[in-house]
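**Student:** Have a look at the structure that comes next, please.
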Amino acid sequence: PRSVPLVSSQVGSYRDISRESLSLFRLLEPQIEILVLGTGDRVERLHPAVLKQMRECGIAVEVQDTPNACATFNFLTSEKRVAAAGLIPP
């Protein structure tokens, strides 16, 4: 299993997170099990349609503040889970 941490310059704030900005995560091979999103200094609510689309693709999404998202991603990869991270700096 392979895990790929990613940061996109196209996303500067949680408001920029969209179906399109997450499209790369749906294309990864092997398919990721879980996407950890770090939304900066605090946890921000994402549009429900964005989360639904990822679930429909078989990808769980965990939204956290970025420091906790980093810790979660590290834990998941230490457990050999196929995970990816999208991180907005705090």
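Chain identifiers are assigned as A, B, and so on, following the order in which chains appear in the structure tokens; residues are numbered from 1 within each chain, and ligands are numbered from 1 in order of appearance.
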Excluding Phe73 of chain A and any residue of its chain fewer than 3 positions from it, enumerate the residues within 8 Å of it, using only C-alpha atoms, and give them as number ranges by chain.
**Tutor:** A: 36, 69-70, 76-77, 83-85
**Student:** From the DSSP assignment of the backbone, select every residue of chain A that is strand (DSSP E or B), and format the answer as a PyMOL selection string.
**Tutor:** chain A and resi 4-6+34-39+60-64+83-88
**Student:** For the atom pair atom CA of Cys57 of chain A and atom CA of Asn74 of chain A, what is the interatomic distance in Å to one decimal place?
**Tutor:**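 Atom-to-atom, atom CA of Cys57 of chain A to atom CA of Asn74 of chain A, that is 23.0 Å.
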**Student:** Using DSSP assignments from the backbone, pull out every residue in chain A that falls under helix (DSSP H, G or I) and give it to me as JSON, numbers by chain.
**Tutor:** {"A": [14, 15, 16, 23, 24, 25, 26, 27, 48, 49, 50, 51, 52, 53, 54, 55, 56, 66, 67, 68, 69, 70, 71, 72, 73, 74, 75, 76, 77, 78]}
**Student:** One decimal, Å: what's the distance from atom CA of Glu62 of chain A over to atom CA of Gln31 of chain A, could you say?
**Tutor:**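 Rounded to one decimal, the two atoms are 16.0 Å apart.
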**Student:** Quick one: of A:Glu29, A:Val61, A:Ala71, A:Gln10, who's nearest to Pro48 of chain A, counting only C-alpha atoms?
**Tutor:**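 Answer, going by the shortest atom-to-atom distance: A:Val61.
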**Student:** What separation in Å, quoted to one decimal, exists between atom CA of Phe75 of chain A and atom CA of Leu46 of chain A?
**Tutor:**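 Going from atom CA of Phe75 of chain A over to atom CA of Leu46 of chain A, I get 23.0 Å.
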**Student:** Write out as number ranges by chain the residues lying within 6 Å of Gly38 of chain A, counting only C-alpha atoms and excluding same-chain residues fewer than 2 positions away.
**Tutor:** A: 40, 64-66, 69, 87-88
**Student:** Using only C-alpha atoms, which of the listed residues (A:Ser78, A:Met54, A:Glu44, A:Ala60) sits closest to Arg15 of chain A?
**Tutor:**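 Looking at the shortest contact to Arg15 of chain A, the residue is A:Glu44.
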